[in-house]
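Reproduced below: work_32.txt, with compact mmCIF, C-alpha atoms.
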```txt
# COMPACT_ATOMS: atom_id res chain seq x y z
CA MET C 14 137.73 -114.33 -36.22
CA SER C 15 137.34 -111.43 -38.53
CA LEU C 16 138.32 -111.24 -42.16
CA ALA C 17 139.54 -107.69 -41.50
CA ALA C 18 143.04 -109.16 -41.32
CA LEU C 19 143.11 -109.65 -45.11
CA PRO C 20 142.60 -105.98 -46.08
CA ALA C 21 145.04 -105.04 -43.31
CA LEU C 22 147.73 -107.22 -44.90
CA LEU C 23 146.95 -105.94 -48.39
CA ALA C 24 147.08 -102.32 -47.22
CA ARG C 25 150.45 -102.87 -45.54
CA ASP C 26 151.92 -104.63 -48.59
CA LEU C 27 150.84 -101.81 -50.88
CA ARG C 28 152.09 -99.17 -48.46
CA LEU C 29 155.49 -100.87 -48.41
CA ALA C 30 155.46 -101.07 -52.21
CA VAL C 31 154.80 -97.34 -52.44
CA ARG C 32 157.58 -96.68 -49.96
CA HIS C 33 159.99 -98.69 -52.13
CA GLY C 34 158.78 -96.69 -55.12
CA GLY C 35 161.76 -97.20 -57.44
CA GLU C 36 161.86 -100.93 -56.82
CA SER C 37 158.13 -101.29 -57.43
CA LEU C 38 158.29 -99.41 -60.73
CA MET C 39 161.14 -101.61 -62.01
CA PRO C 40 158.87 -104.11 -63.83
CA LEU C 41 157.19 -101.29 -65.77
CA PHE C 42 160.50 -99.60 -66.62
CA PHE C 43 161.80 -102.97 -67.76
CA LEU C 44 158.78 -103.57 -69.99
CA PHE C 45 159.23 -100.25 -71.77
CA ALA C 46 163.00 -100.59 -71.98
CA VAL C 47 162.48 -103.84 -73.91
CA LEU C 48 159.71 -102.42 -76.09
CA ILE C 49 161.80 -99.37 -77.01
CA LEU C 50 165.06 -101.25 -77.59
CA VAL C 51 163.68 -104.06 -79.75
CA PRO C 52 162.51 -101.83 -82.66
CA LEU C 53 165.96 -100.20 -82.56
CA GLY C 54 167.52 -103.63 -82.80
CA VAL C 55 165.37 -105.32 -85.43
CA GLY C 56 164.47 -102.23 -87.45
CA PRO C 57 161.33 -100.10 -87.27
CA GLY C 58 159.41 -101.67 -90.20
CA PRO C 59 155.69 -101.81 -89.30
CA ASN C 60 155.12 -105.24 -90.86
CA LEU C 61 157.90 -106.92 -88.95
CA LEU C 62 156.98 -105.22 -85.67
CA ALA C 63 153.27 -106.01 -86.05
CA SER C 64 154.05 -109.68 -86.53
CA ILE C 65 156.29 -109.94 -83.47
CA ALA C 66 154.22 -107.57 -81.28
CA PRO C 67 152.15 -110.20 -79.37
CA GLY C 68 155.23 -112.20 -78.47
CA MET C 69 157.24 -109.09 -77.59
CA VAL C 70 154.65 -107.68 -75.20
CA TRP C 71 154.15 -111.05 -73.56
CA VAL C 72 157.82 -111.94 -73.17
CA ALA C 73 158.47 -108.52 -71.67
CA ALA C 74 155.51 -108.89 -69.28
CA LEU C 75 156.75 -112.33 -68.25
CA LEU C 76 160.28 -111.16 -67.51
CA ALA C 77 158.93 -108.08 -65.73
CA SER C 78 156.91 -110.24 -63.37
CA LEU C 79 160.06 -112.23 -62.54
CA LEU C 80 161.83 -109.09 -61.33
CA ALA C 81 159.76 -108.62 -58.19
CA LEU C 82 159.56 -112.32 -57.27
CA GLU C 83 162.75 -112.43 -55.23
CA ASN C 84 161.19 -110.08 -52.69
CA LEU C 85 157.79 -111.73 -52.55
CA PHE C 86 158.37 -113.64 -49.30
CA ARG C 87 162.04 -113.09 -48.47
CA PRO C 88 161.83 -109.82 -46.46
CA ASP C 89 159.00 -111.30 -44.36
CA PHE C 90 160.98 -114.48 -43.90
CA GLU C 91 164.01 -112.55 -42.67
CA ASP C 92 162.28 -110.13 -40.30
CA GLY C 93 160.06 -112.79 -38.71
CA THR C 94 156.69 -111.56 -39.96
CA LEU C 95 156.22 -114.68 -42.06
CA GLU C 96 156.19 -117.09 -39.11
CA GLN C 97 153.50 -114.94 -37.49
CA TRP C 98 151.18 -116.11 -40.28
CA TRP C 99 150.88 -119.47 -38.54
CA LEU C 100 149.76 -117.94 -35.24
CA GLY C 101 146.75 -116.24 -36.65
CA HIS C 102 143.18 -117.26 -36.80
CA LEU C 103 143.24 -117.28 -40.59
CA PRO C 104 144.27 -120.09 -42.92
CA VAL C 105 147.70 -119.36 -44.38
CA THR C 106 146.33 -120.02 -47.86
CA GLY C 107 144.20 -116.88 -47.55
CA LEU C 108 147.20 -114.79 -46.54
CA VAL C 109 149.20 -116.27 -49.43
CA LEU C 110 146.44 -115.27 -51.85
CA ILE C 111 146.47 -111.72 -50.48
CA ARG C 112 150.25 -111.51 -50.89
CA LEU C 113 149.94 -112.76 -54.49
CA LEU C 114 147.17 -110.24 -55.14
CA SER C 115 149.42 -107.42 -54.00
CA HIS C 116 152.23 -108.78 -56.20
CA TRP C 117 149.87 -108.79 -59.15
CA LEU C 118 148.64 -105.27 -58.39
CA ILE C 119 152.26 -104.07 -58.38
CA THR C 120 153.65 -105.99 -61.37
CA GLY C 121 150.69 -107.20 -63.44
CA LEU C 122 148.22 -104.37 -63.34
CA PRO C 123 150.60 -101.59 -64.51
CA VAL C 124 151.56 -103.77 -67.48
CA ILE C 125 147.90 -104.17 -68.41
CA ILE C 126 147.25 -100.45 -68.03
CA PHE C 127 150.17 -99.52 -70.27
CA ALA C 128 149.66 -102.36 -72.76
CA PRO C 129 147.61 -100.20 -75.21
CA LEU C 130 150.57 -97.83 -75.43
CA ALA C 131 152.94 -100.74 -75.96
CA ALA C 132 150.64 -102.12 -78.66
CA GLN C 133 150.70 -98.77 -80.47
CA MET C 134 154.49 -98.62 -80.31
CA LEU C 135 154.70 -102.04 -82.00
CA TYR C 136 151.96 -101.45 -84.64
CA LEU C 137 149.75 -104.20 -83.24
CA PRO C 138 146.55 -104.32 -85.37
CA ASP C 139 143.67 -102.58 -83.62
CA GLN C 140 141.39 -105.60 -83.69
CA ALA C 141 143.91 -107.52 -81.59
CA LEU C 142 144.22 -104.94 -78.82
CA GLY C 143 141.17 -106.16 -76.88
CA VAL C 144 142.40 -109.73 -77.01
CA LEU C 145 145.88 -108.64 -75.89
CA LEU C 146 144.37 -106.94 -72.82
CA LEU C 147 142.15 -109.94 -72.11
CA SER C 148 145.06 -112.36 -72.43
CA LEU C 149 147.13 -110.21 -70.06
CA LEU C 150 144.22 -110.03 -67.61
CA ILE C 151 143.90 -113.81 -67.55
CA GLY C 152 147.59 -114.61 -67.93
CA THR C 153 149.44 -112.27 -65.57
CA PRO C 154 147.74 -113.71 -62.43
CA ILE C 155 149.08 -117.13 -63.53
CA LEU C 156 152.57 -115.62 -63.71
CA SER C 157 152.18 -114.29 -60.15
CA LEU C 158 150.90 -117.65 -58.88
CA VAL C 159 153.57 -119.81 -60.52
CA GLY C 160 156.28 -117.30 -59.66
CA GLY C 161 155.06 -117.25 -56.06
CA LEU C 162 155.46 -121.02 -55.85
CA ALA C 163 159.02 -120.80 -57.12
CA ALA C 164 159.75 -117.95 -54.69
CA ALA C 165 158.38 -119.99 -51.78
CA LEU C 166 160.40 -123.06 -52.77
CA THR C 167 163.68 -121.13 -53.10
CA LEU C 168 163.20 -119.21 -49.85
CA GLY C 169 165.66 -121.38 -47.95
CA THR C 170 168.43 -121.03 -50.51
CA ASN C 171 170.75 -118.10 -50.26
CA ARG C 172 169.77 -115.61 -52.98
CA GLY C 173 168.06 -118.20 -55.11
CA SER C 174 167.21 -115.97 -58.06
CA VAL C 175 168.91 -118.17 -60.66
CA LEU C 176 167.18 -121.26 -59.33
CA LEU C 177 163.95 -119.29 -59.20
CA SER C 178 164.15 -118.39 -62.89
CA ILE C 179 164.98 -121.95 -63.84
CA LEU C 180 161.94 -123.18 -61.92
CA VAL C 181 159.58 -120.59 -63.38
CA PHE C 182 160.45 -120.78 -67.08
CA PRO C 183 159.20 -124.28 -67.95
CA LEU C 184 156.02 -123.72 -65.95
CA VAL C 185 155.05 -120.52 -67.75
CA VAL C 186 155.75 -121.77 -71.28
CA PRO C 187 152.08 -122.86 -71.77
CA VAL C 188 150.90 -119.42 -70.65
CA LEU C 189 153.16 -117.76 -73.20
CA ILE C 190 152.07 -120.11 -76.00
CA PHE C 191 148.33 -119.76 -75.48
CA ALA C 192 148.44 -116.02 -74.76
CA THR C 193 150.50 -115.10 -77.82
CA GLY C 194 148.48 -117.63 -79.83
CA ALA C 195 145.29 -115.80 -78.89
CA VAL C 196 146.68 -112.38 -79.82
CA SER C 197 148.17 -113.60 -83.11
CA ALA C 198 144.91 -115.30 -84.04
CA ALA C 199 142.99 -112.09 -83.38
CA ALA C 200 145.53 -110.06 -85.36
CA ASP C 201 145.08 -112.43 -88.32
CA GLY C 202 141.30 -112.17 -88.09
CA PHE C 203 140.60 -115.59 -86.52
CA SER C 204 138.72 -116.34 -83.32
CA PRO C 205 140.97 -116.33 -80.24
CA ARG C 206 138.42 -118.20 -78.11
CA ALA C 207 140.14 -121.58 -78.04
CA HIS C 208 143.43 -120.06 -76.83
CA LEU C 209 141.73 -117.84 -74.27
CA GLY C 210 139.67 -120.77 -73.00
CA LEU C 211 142.79 -122.83 -72.41
CA LEU C 212 144.45 -119.84 -70.75
CA ALA C 213 141.46 -119.43 -68.44
CA ALA C 214 141.59 -123.14 -67.63
CA LEU C 215 145.26 -122.71 -66.65
CA LEU C 216 144.28 -119.81 -64.40
CA VAL C 217 141.58 -121.87 -62.65
CA LEU C 218 144.00 -124.74 -62.18
CA ALA C 219 146.72 -122.47 -60.79
CA LEU C 220 144.32 -120.55 -58.56
CA THR C 221 142.99 -123.70 -56.91
CA LEU C 222 146.22 -125.63 -56.45
CA VAL C 223 149.09 -123.16 -56.22
CA PRO C 224 148.11 -121.36 -52.96
CA LEU C 225 148.00 -124.72 -51.18
CA ALA C 226 151.40 -125.64 -52.60
CA ILE C 227 152.82 -122.25 -51.60
CA SER C 228 151.63 -122.57 -47.99
CA ALA C 229 153.19 -126.03 -47.81
CA ALA C 230 156.46 -124.77 -49.29
CA LEU C 231 156.57 -121.81 -46.91
CA ARG C 232 155.94 -124.08 -43.94
CA LEU C 233 158.80 -126.29 -45.08
CA ASN C 234 161.14 -123.30 -45.06
CA ILE C 235 159.90 -121.97 -41.71
CA GLU C 236 160.63 -125.32 -40.09
CA MET P 350 140.69 -123.24 -13.54
CA SER P 351 140.77 -123.43 -17.28
CA LEU P 352 143.79 -124.58 -19.21
CA LEU P 353 145.13 -122.34 -21.95
CA LEU P 354 147.85 -124.62 -23.16
CA GLU P 355 148.56 -128.28 -22.64
CA ALA P 356 151.40 -130.39 -24.00
CA ASN P 357 151.75 -134.13 -23.51
CA GLY P 358 155.04 -135.72 -24.44
CA VAL P 359 155.74 -133.16 -27.15
CA THR P 360 158.96 -133.54 -29.13
CA PHE P 361 160.46 -132.04 -32.23
CA ARG P 362 162.88 -133.62 -34.63
CA ARG P 363 165.41 -131.79 -36.72
CA GLN P 364 166.87 -133.99 -39.45
CA GLY P 365 165.56 -137.00 -37.56
CA ASP P 366 167.20 -136.15 -34.23
CA LEU P 367 165.23 -135.15 -31.17
CA VAL P 368 165.92 -131.53 -30.23
CA PHE P 369 164.87 -131.91 -26.59
CA ALA P 370 163.54 -134.60 -24.29
CA PRO P 371 159.73 -134.99 -24.44
CA VAL P 372 157.99 -132.10 -22.70
CA ASP P 373 154.82 -132.17 -20.61
CA LEU P 374 153.39 -128.86 -19.55
CA GLN P 375 150.15 -127.23 -18.56
CA LEU P 376 149.45 -123.54 -18.59
CA ALA P 377 146.39 -122.45 -16.66
CA ALA P 378 144.68 -119.11 -17.05
CA ALA P 379 146.21 -116.35 -14.93
CA SER P 380 149.53 -118.13 -14.57
CA ALA P 381 153.02 -117.95 -15.92
CA LEU P 382 155.58 -120.56 -16.80
CA VAL P 383 159.28 -119.87 -17.08
CA ILE P 384 161.33 -122.08 -19.37
CA LEU P 385 164.92 -122.41 -18.22
CA GLY P 386 167.90 -124.04 -19.80
CA PRO P 387 171.32 -123.32 -21.25
CA ASN P 388 171.88 -121.98 -24.78
CA GLY P 389 171.03 -124.44 -27.47
CA CYS P 390 168.86 -126.72 -25.36
CA GLY P 391 165.77 -126.04 -27.45
CA LYS P 392 163.92 -123.28 -25.58
CA THR P 393 163.16 -121.34 -28.74
CA THR P 394 162.15 -124.49 -30.58
CA LEU P 395 159.77 -125.39 -27.76
CA LEU P 396 158.18 -121.94 -27.84
CA ARG P 397 157.79 -122.08 -31.61
CA LEU P 398 156.14 -125.48 -31.18
CA LEU P 399 153.75 -124.09 -28.58
CA ALA P 400 152.95 -121.18 -30.90
CA GLY P 401 152.02 -123.54 -33.72
CA ILE P 402 154.79 -122.38 -36.05
CA LEU P 403 156.39 -125.81 -35.85
CA ARG P 404 154.49 -129.06 -35.69
CA PRO P 405 155.36 -131.62 -33.00
CA ALA P 406 156.98 -134.83 -34.18
CA GLU P 407 155.28 -136.77 -31.41
CA GLY P 408 152.91 -135.96 -28.60
CA GLN P 409 149.83 -133.84 -28.30
CA LEU P 410 149.47 -130.12 -28.11
CA LEU P 411 146.23 -128.37 -27.20
CA ARG P 412 145.75 -124.63 -27.45
CA ASN P 413 142.73 -122.93 -26.01
CA GLY P 414 142.82 -119.35 -27.22
CA SER P 415 144.82 -117.29 -29.64
CA THR P 416 148.55 -116.92 -29.15
CA ALA P 417 151.08 -114.15 -29.47
CA PHE P 418 154.68 -115.09 -30.13
CA LEU P 419 157.53 -112.65 -29.62
CA GLY P 420 160.74 -114.15 -30.91
CA HIS P 421 164.29 -113.06 -31.68
CA ALA P 422 163.21 -111.63 -35.02
CA SER P 423 161.27 -108.49 -34.32
CA ALA P 424 158.46 -109.17 -36.81
CA LEU P 425 158.45 -105.43 -37.51
CA LYS P 426 158.70 -103.74 -40.88
CA GLY P 427 161.72 -101.47 -40.84
CA ASP P 428 160.32 -99.20 -43.54
CA LEU P 429 157.12 -98.48 -41.65
CA ASN P 430 157.13 -96.16 -38.68
CA CYS P 431 156.30 -97.38 -35.18
CA ARG P 432 152.71 -96.24 -35.33
CA GLU P 433 152.10 -97.91 -38.71
CA ASN P 434 153.59 -101.16 -37.42
CA LEU P 435 151.27 -101.13 -34.44
CA ASP P 436 148.25 -100.06 -36.49
CA PHE P 437 148.83 -103.02 -38.78
CA LEU P 438 148.95 -105.47 -35.87
CA ARG P 439 145.87 -103.88 -34.36
CA HIS P 440 143.84 -104.18 -37.56
CA PHE P 441 145.23 -107.63 -38.33
CA HIS P 442 144.01 -108.96 -35.00
CA GLY P 443 140.66 -107.23 -34.90
CA ARG P 444 141.09 -103.79 -33.29
CA ALA P 445 140.32 -104.83 -29.72
CA GLY P 446 143.34 -103.62 -27.77
CA LEU P 447 144.90 -100.35 -26.75
CA SER P 448 145.27 -97.70 -29.41
CA SER P 449 148.72 -97.43 -30.95
CA SER P 450 149.52 -94.19 -29.10
CA GLN P 451 148.47 -95.63 -25.74
CA ALA P 452 150.65 -98.69 -26.34
CA LEU P 453 153.62 -96.50 -27.30
CA VAL P 454 153.24 -94.49 -24.09
CA ARG P 455 152.88 -97.62 -21.99
CA THR P 456 156.10 -99.10 -23.34
CA GLY P 457 158.10 -95.90 -22.97
CA LEU P 458 158.23 -95.05 -26.67
CA ALA P 459 156.12 -91.90 -26.48
CA GLY P 460 157.21 -89.41 -29.13
CA LEU P 461 158.77 -92.04 -31.40
CA GLY P 462 155.57 -92.87 -33.28
CA LEU P 463 156.76 -91.42 -36.56
CA ARG P 464 160.28 -92.89 -36.49
CA PRO P 465 160.84 -95.68 -39.02
CA ALA P 466 161.23 -98.92 -37.07
CA ARG P 467 164.63 -99.60 -38.67
CA THR P 468 166.13 -96.55 -36.94
CA LEU P 469 165.23 -97.85 -33.46
CA SER P 470 167.84 -99.35 -31.17
CA ALA P 471 167.67 -103.05 -30.29
CA GLY P 472 166.07 -102.29 -26.93
CA GLN P 473 163.53 -99.94 -28.48
CA LYS P 474 162.62 -102.64 -31.00
CA ARG P 475 161.95 -105.04 -28.13
CA ARG P 476 159.75 -102.40 -26.54
CA LEU P 477 157.87 -101.93 -29.80
CA GLY P 478 157.37 -105.71 -29.92
CA LEU P 479 155.88 -105.54 -26.43
CA ALA P 480 153.62 -102.70 -27.56
CA GLY P 481 152.42 -105.08 -30.26
CA LEU P 482 151.17 -107.42 -27.54
CA LEU P 483 149.10 -104.61 -26.08
CA VAL P 484 147.40 -103.41 -29.28
CA ALA P 485 146.28 -106.93 -30.17
CA PRO P 486 145.24 -108.69 -26.97
CA ARG P 487 145.61 -112.45 -27.08
CA PRO P 488 145.27 -114.69 -24.03
CA ILE P 489 148.44 -116.75 -24.51
CA TRP P 490 151.77 -114.92 -24.64
CA LEU P 491 154.85 -116.86 -25.71
CA LEU P 492 157.90 -114.71 -25.12
CA ASP P 493 161.34 -115.81 -26.21
CA GLU P 494 163.97 -114.12 -24.07
CA PRO P 495 161.83 -111.04 -23.37
CA TYR P 496 164.59 -109.46 -21.28
CA ALA P 497 167.22 -109.60 -24.02
CA SER P 498 168.75 -106.21 -24.88
CA LEU P 499 166.47 -104.33 -22.48
CA ASP P 500 167.81 -101.96 -19.81
CA ASP P 501 166.76 -102.21 -16.15
CA ALA P 502 163.70 -100.04 -16.69
CA GLY P 503 162.80 -102.21 -19.66
CA GLY P 504 163.12 -105.35 -17.54
CA GLU P 505 160.77 -103.85 -14.99
CA LEU P 506 158.38 -102.93 -17.79
CA VAL P 507 158.31 -106.57 -18.89
CA ASP P 508 157.66 -107.66 -15.30
CA SER P 509 154.77 -105.25 -14.86
CA LEU P 510 153.24 -106.17 -18.23
CA LEU P 511 153.43 -109.84 -17.30
CA ALA P 512 151.82 -109.17 -13.94
CA GLU P 513 149.02 -107.20 -15.59
CA HIS P 514 148.49 -109.87 -18.21
CA THR P 515 148.25 -112.73 -15.71
CA ALA P 516 146.05 -110.61 -13.41
CA THR P 517 143.53 -110.27 -16.23
CA GLY P 518 143.37 -114.01 -16.84
CA GLY P 519 146.05 -114.40 -19.51
CA GLY P 520 148.78 -116.99 -19.55
CA VAL P 521 152.47 -116.46 -20.25
CA VAL P 522 155.24 -118.84 -21.22
CA LEU P 523 158.63 -117.19 -21.37
CA SER P 524 162.12 -118.44 -21.82
CA THR P 525 165.13 -116.94 -20.18
CA HIS P 526 168.69 -117.78 -19.38
CA GLN P 527 169.65 -114.61 -17.56
CA ARG P 528 167.36 -112.74 -15.27
CA LYS P 529 164.69 -114.43 -13.19
CA PRO P 530 161.51 -112.41 -13.64
CA ARG P 531 160.10 -110.96 -10.45
CA LEU P 532 156.68 -112.25 -11.24
CA ARG P 533 153.98 -111.27 -8.84
CA ALA P 534 151.74 -114.03 -10.14
CA ALA P 535 152.07 -117.70 -9.42
CA HIS P 536 154.53 -119.16 -11.86
CA GLY P 537 155.96 -122.54 -12.55
CA GLU P 538 159.33 -123.44 -13.93
CA LEU P 539 160.24 -125.92 -16.58
CA VAL P 540 163.76 -126.96 -17.36
CA VAL P 541 164.30 -128.05 -20.94
CA ARG P 542 166.80 -130.86 -21.25
CA LYS P 543 168.71 -131.89 -24.30
CA ALA P 544 167.48 -135.18 -25.65
CA ALA P 545 169.54 -138.20 -24.68
CA PRO P 546 171.10 -139.90 -27.70
CA GLU P 547 168.51 -142.27 -29.03
CA GLU P 548 169.00 -145.98 -28.87
CA THR P 549 168.38 -147.42 -32.26
CA ALA P 550 166.46 -150.62 -32.20
```
Final structure tokens representation of the file:
Amino acid sequence: MSLAALPALLARDLRLAVRHGGESLMPLFFLFAVLILVPLGVGPGPNLLASIAPGMVWVAALLASLLALENLFRPDFEDGTLEQWWLGHLPVTGLVLIRLLSHWLITGLPVIIFAPLAAQMLYLPDQALGVLLLSLLIGTPILSLVGGLAAALTLGTNRGSVLLSILVFPLVVPVLIFATGAVSAAADGFSPRAHLGLLAALLVLALTLVPLAISAALRLNIE
Amino acid sequence: MSLLLEANGVTFRRQGDLVFAPVDLQLAAASALVILGPNGCGKTTLLRLLAGILRPAEGQLLRNGSTAFLGHASALKGDLNCRENLDFLRHFHGRAGLSSSQALVRTGLAGLGLRPARTLSAGQKRRLGLAGLLVAPRPIWLLDEPYASLDDAGGELVDSLLAEHTATGGGVVLSTHQRKPRLRAAHGELVVRKAAPEETA
């Protein structure tokens, strides 16, 4: 039947996110809390801050994306809307992708939009700003995908946030390494292409495999 | 007479044990089937199997048409109001049914369209679930205890909706342990039995 179901789901997810305004803004608040507190902790010297800026922004973005993961599938699982996904005329993988897209729009996109401000606060060299944005654009969807898999797997456990974090961390280490590698290379005047290429390859890999794994994991928990 | 739903020797296993004895059933268009049985005999599991939420361990299951499943969980978003919940269902299933306001009136919820769904009483939530069936018409209705927490008027509402649905060529499978529906359409009955302990070879 019609693909109109996908925008309908996206619109509802975003409407719910707006209605839970405070909760949805948490990742952004968290990002800036970290970026403001770290210079206070390590000292405001521009040289030091510029050298740790790529890692700082990325670690904060990574932790921020973790914050909203617990509620990615759990409310739907509890109120019975999740099992309705299997009645529909659409493959569950498509619905999973839509849910991940809304998660990214809520947690990833605001981080990208405010990244130039964060870069200024940490004295990131100007020539690295474009690469930082590009690495966030490629990398944050991977965080949503991998985090979504962990959220789907821990759905059956009671409040599985600790387990969720333990599952996510090892899987996102490559993202962190290549993304910060790209930004540092650009800041030092080298070409970031190799790092960005590997990051993009990770995105393609995650985008093709993870939605299938998430639908299987959700099904496991529904049964 | 076309078949909407057919099950041949369908079973489901939970941790390796059969939940109920193998089930054979046929649901023709414009008919209803009532699933009877005591608590815990697997009525809900059977309905979830028929809906496609669970996969049968053995046996064959054929569905001819899209299904609507109304279970114990309301499948409503508490933070959206009644109208938004119905609008979502309507758009999700292709905008073919009644408008949200018509469905609210039909199920006796007129005037509650802007109330967040979480503030509704249990009976009103059931009614909103029924309204969801009307905004997104699907030929096969699978209703798990549709009379639960409804008052007498609500019970009659369910009966009349079922009669209308079967009169227009739909099929209904519903489970109940309390009130026999006063169905005006032909309906069969199916008693779900607990599986006998398996003999291990």
Contact set, chain P to chain C: 10 Å, all atoms listed in the file, as an NGL selection string: :P and (363 or 394 or 397-404 or 414-429 or 433-434 or 436-444)
Residues at most 12 Å from P:Asp373, counting all atoms listed in the file, excluding those fewer than 4 positions away in the same chain, as a PyMOL selection string? chain P and resi 354-360+369+395+399+407-411+538-541
Closest contacts (stretch 131-235 of chain C/stretch 56-62 of chain C, max 12 Å, only C-alpha atoms) as JSON lines:
```
{"residue": "C:Ala131", "atom": "CA", "partner": "C:Leu62", "partner_atom": "CA", "distance": 11.4}
{"residue": "C:Ala132", "atom": "CA", "partner": "C:Leu62", "partner_atom": "CA", "distance": 9.9}
{"residue": "C:Gln133", "atom": "CA", "partner": "C:Leu62", "partner_atom": "CA", "distance": 10.4}
{"residue": "C:Met134", "atom": "CA", "partner": "C:Leu62", "partner_atom": "CA", "distance": 8.9}
{"residue": "C:Leu135", "atom": "CA", "partner": "C:Leu62", "partner_atom": "CA", "distance": 5.4}
{"residue": "C:Tyr136", "atom": "CA", "partner": "C:Pro59", "partner_atom": "CA", "distance": 6.0}
{"residue": "C:Leu137", "atom": "CA", "partner": "C:Leu62", "partner_atom": "CA", "distance": 7.7}
{"residue": "C:Pro138", "atom": "CA", "partner": "C:Asn60", "partner_atom": "CA", "distance": 10.2}
```
How big is the axis-aligned box around the listed atoms of stretch 512-522 of chain P once 8 Å is added on each side, and where is its centre? Give both in Å to one decimal, as lines of an AutoDock Vina configuration file.
```
center_x = 149.3
center_y = -113.0
center_z = -17.3
size_x = 27.9
size_y = 27.6
size_z = 23.8
```
Distance atom CA of C:Leu146-atom CA of C:Val175, one decimal place? 29.6 Å
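When all atoms listed in the file are used to compute distances to C:Arg87, the closest of the residues C:Leu225, C:Ala195, C:Leu168, C:Leu220 turns out to be C:Leu168.
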Please report the interatomic distance between atom CA of C:Ile155 and atom CA of C:Pro52 in Å with one decimal. 27.9 Å
Show which residues sit within 12 Å of C:Ser204, as a PyMOL selection string. Count only C-alpha atoms, and ignore same-chain residues fewer than 4 positions away. chain C and resi 140-141+144+194-200+208-210
One decimal, Å: what's the distance from atom CA of C:Thr153 over to atom CA of C:Arg172, could you say?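 Atom-to-atom, atom CA of C:Thr153 to atom CA of C:Arg172, that is 24.1 Å.
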Which residue is closest to P:Asp501? Choose from P:Gly478, P:Gly472, P:Ala381, P:Pro387 and count all atoms listed in the file.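 The answer is P:Gly472, which sits nearest to P:Asp501.
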